[in-house]
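Undergrad: Dropping the structure in here first, questions after.
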Amino acid sequence: MTDRSAVARAEFVILGPGALGSILAAHLARAGHSVIVLARGERARTLERDGLRVTGLSEINIPVRVLTDPARLAAADCLIVATKTPGTEAALERLRHVAVGVAFSVQNGLMKNELLAEAFGAECVLGALANTSGELLASGAALFTRNVKLLLGELDGSESERARTLAAAIDASGVRASAVAQILSWEWSKFVAWLPLMSLAVTTRAPTWRYLSDPGSARVLVRMAREAALLARAMGMELTGEGAILPLQAVLGASEAQAVESVRQAGAQFAASAPAHRMSALQDLEAGRALEVEETFGYAVRKAREQQLAVPLLEAFYHLVAAIDRSRGPAR
């Protein structure tokens, strides 16, 4: 049902009802929370007609309040940004008038926190890390494939009651979540692993287990992760090894041969437990959607230059992934 009222407010407002946004919105709505999804175009029409549909780890079909005009949104106790990173700044610009209690983003990368702080003030922003995944099917349903943990925390590294309360509500809805201290260390740990994983997903176009299992691509992955870790440490981040898909401590701390073997073992685990798992970047590539380049890879490369840090593999893959993105059609 599309909301045509002049003023709309809800406990949870989801910007971007793709796979993960739909999964969160559906679980929260099923748990009895008031939920609004901000959508447009065909996705808005699908949600208006069919409601939120989730399959896989959960089976949910529930009506949702759809808002197509951001100007009609007045207030959100919690704003969750779940769009792909391209266009985030423009999307948030249209929401600056909204009274937001707290906001967090489940997007990839670290630039998301800076954009939210600029739009709503740093005091409103929580850091977040989603080790949760899904895929938006052609039918419009969201396939829920991975439910490990959504982590929330204060950007200053402290623990807070609001993070605990929010995480508890999400966890009770069926999407595993918890509050942690030092959330930026968790986010950087994921980012260090995500950059090479995204690179190999786009360049090999293979399911995750295949390039993790291959000795050549595993070696490239280890070397890229080590470059990204140099950047994280130059930014003052202590990497936890937690929250990442990869066994990050082994990847960063063992000999290269041992690190490669640990990646291949992770590939074997994916082959056994999640053989169909594909990075969201590969899903975007195959669907013809813009890749998350500038807000993720570009952010890392720019920060490395600011730190006068040499990251040749990250630089090379940044340009390669950007070229792959551009080569699929006219400039966007």
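Residue numbering restarts at 1 in every chain; chains get A, B, ... in the order shown in the structure tokens, and ligands count up from 1 in that same order.
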Dump as a tab-separated table the rows for residues of range 255-332 of chain A within 7 Å of range 91-115 of chain A: closest atom pair and distance in Å with one decimal, only C-alpha atoms counted, ordered by chain and rising residue number.
TA:
residue	atom	partner	partner_atom	distance
A:Glu295	CA	A:Met111	CA	6.2
A:Thr296	CA	A:Gly109	CA	5.0
A:Tyr299	CA	A:Met111	CA	6.8
Undergrad: Can you tell me, as a list in words, what residues are no more than 8 Å from Ser217 in chain A when counting only C-alpha atoms, ignoring any on the same chain fewer than 5 positions away?
TA: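 The filter keeps Leu200, Tyr211 and Leu212 of chain A.
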Undergrad: Could you dump the residues just selected with N, CA and C atoms as a PDB file, in the first residue's frame?
TA:
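File written: again.pdb
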ATOM      1  N   LEU A 200      37.504 -10.255  -6.762  1.00  0.00           N
ATOM      2  CA  LEU A 200      37.551 -11.567  -7.388  1.00  0.00           C
ATOM      3  C   LEU A 200      36.174 -12.027  -7.850  1.00  0.00           C
ATOM      4  N   TYR A 211      36.544 -19.208  -6.173  1.00  0.00           N
ATOM      5  CA  TYR A 211      37.791 -18.433  -6.171  1.00  0.00           C
ATOM      6  C   TYR A 211      38.495 -18.489  -4.823  1.00  0.00           C
ATOM      7  N   LEU A 212      37.750 -18.799  -3.753  1.00  0.00           N
ATOM      8  CA  LEU A 212      38.434 -19.026  -2.485  1.00  0.00           C
ATOM      9  C   LEU A 212      39.242 -20.322  -2.527  1.00  0.00           C
TER      10      LEU A 212
END
Undergrad: Excluding Leu143 in chain A and residues on its chain fewer than 2 positions from it, collect all residues at most 6 Å away from it, counting only C-alpha atoms, and give them as a PyMOL selection string.
TA: chain A and resi 54-56+134-135
Undergrad: With N, CA and C atoms retained, write the just-selected residues as a compact mmCIF listing (two decimals), in the first residue's frame.
TA:
# COMPACT_ATOMS: atom_id res chain seq x y z
N VAL A 54 9.67 -12.84 1.65
CA VAL A 54 10.98 -13.39 1.97
C VAL A 54 10.88 -14.90 1.93
N THR A 55 11.88 -15.53 1.34
CA THR A 55 11.95 -16.98 1.30
C THR A 55 13.36 -17.41 1.67
N GLY A 56 13.56 -18.69 1.83
CA GLY A 56 14.88 -19.19 2.21
C GLY A 56 14.93 -19.48 3.69
N GLY A 134 21.44 -11.89 1.29
CA GLY A 134 20.31 -12.42 0.54
C GLY A 134 20.42 -12.00 -0.90
N GLU A 135 19.42 -12.36 -1.67
CA GLU A 135 19.41 -12.05 -3.09
C GLU A 135 18.00 -11.71 -3.51
Undergrad: Please return as a PyMOL selection string: the residues of range 36-265 of chain A that backbone DSSP assigns to helix (DSSP H, G or I).
TA: chain A and resi 41-50+70-72+88-93+111-120+122-124+161-173+183-204+208-213+215-234+248-253+256-265
Undergrad: Do you know which residues are at most 10 Å from Ser22 in chain A counting only C-alpha atoms, after dropping those on the same chain fewer than 4 positions away, and could you put them as an MDAnalysis selection string?
TA: chainID A and resid 14:18 26:28 37 47 51:54 64 82 134:136 140:144
Undergrad: Using only C-alpha atoms, which of A:Leu79, A:Ala234, A:Ala259, A:Leu137 sits nearest Ala119 in chain A?
TA: A:Leu79
Undergrad: Have a look at A:Ala232, A:Ile36, A:Ile170, A:Ala225 and name the one nearest to Val66 in chain A; count only C-alpha atoms.
TA: A:Ile36
Undergrad: Can you tell me how far CA of Ala193 in chain A sits from CA of Arg305 in chain A, in Å to one decimal?
TA: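 About the pair CA of Ala193 in chain A and CA of Arg305 in chain A: they are 19.8 Å apart.
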Undergrad: Write out as a PyMOL selection string each polymer residue whose atoms come within 10 Å of Arg233 in chain A, counting only C-alpha atoms; drop sequence neighbours fewer than 6 positions from it.
TA: chain A and resi 185+188+239
Undergrad: How would the residues just chosen look if you wrote them out with N, CA and C atoms as a PDB file, in the first residue's frame?
TA:
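part_39.pdb, written as the output of this step:
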ATOM      1  N   SER A 185      36.374  -0.816  14.342  1.00  0.00           N
ATOM      2  CA  SER A 185      37.352  -1.887  14.142  1.00  0.00           C
ATOM      3  C   SER A 185      36.697  -3.087  13.471  1.00  0.00           C
ATOM      4  N   TRP A 188      36.092  -2.039   9.754  1.00  0.00           N
ATOM      5  CA  TRP A 188      37.330  -2.085   8.979  1.00  0.00           C
ATOM      6  C   TRP A 188      37.778  -3.528   8.751  1.00  0.00           C
ATOM      7  N   LEU A 239      42.512  -4.181  13.865  1.00  0.00           N
ATOM      8  CA  LEU A 239      41.641  -5.149  13.218  1.00  0.00           C
ATOM      9  C   LEU A 239      41.329  -6.284  14.186  1.00  0.00           C
TER      10      LEU A 239
END
Undergrad: Between CA of Arg326 in chain A and CA of Gly288 in chain A, what is the spacing in Å?
TA: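 Atom-to-atom, CA of Gly288 in chain A to CA of Arg326 in chain A, that is 11.0 Å.
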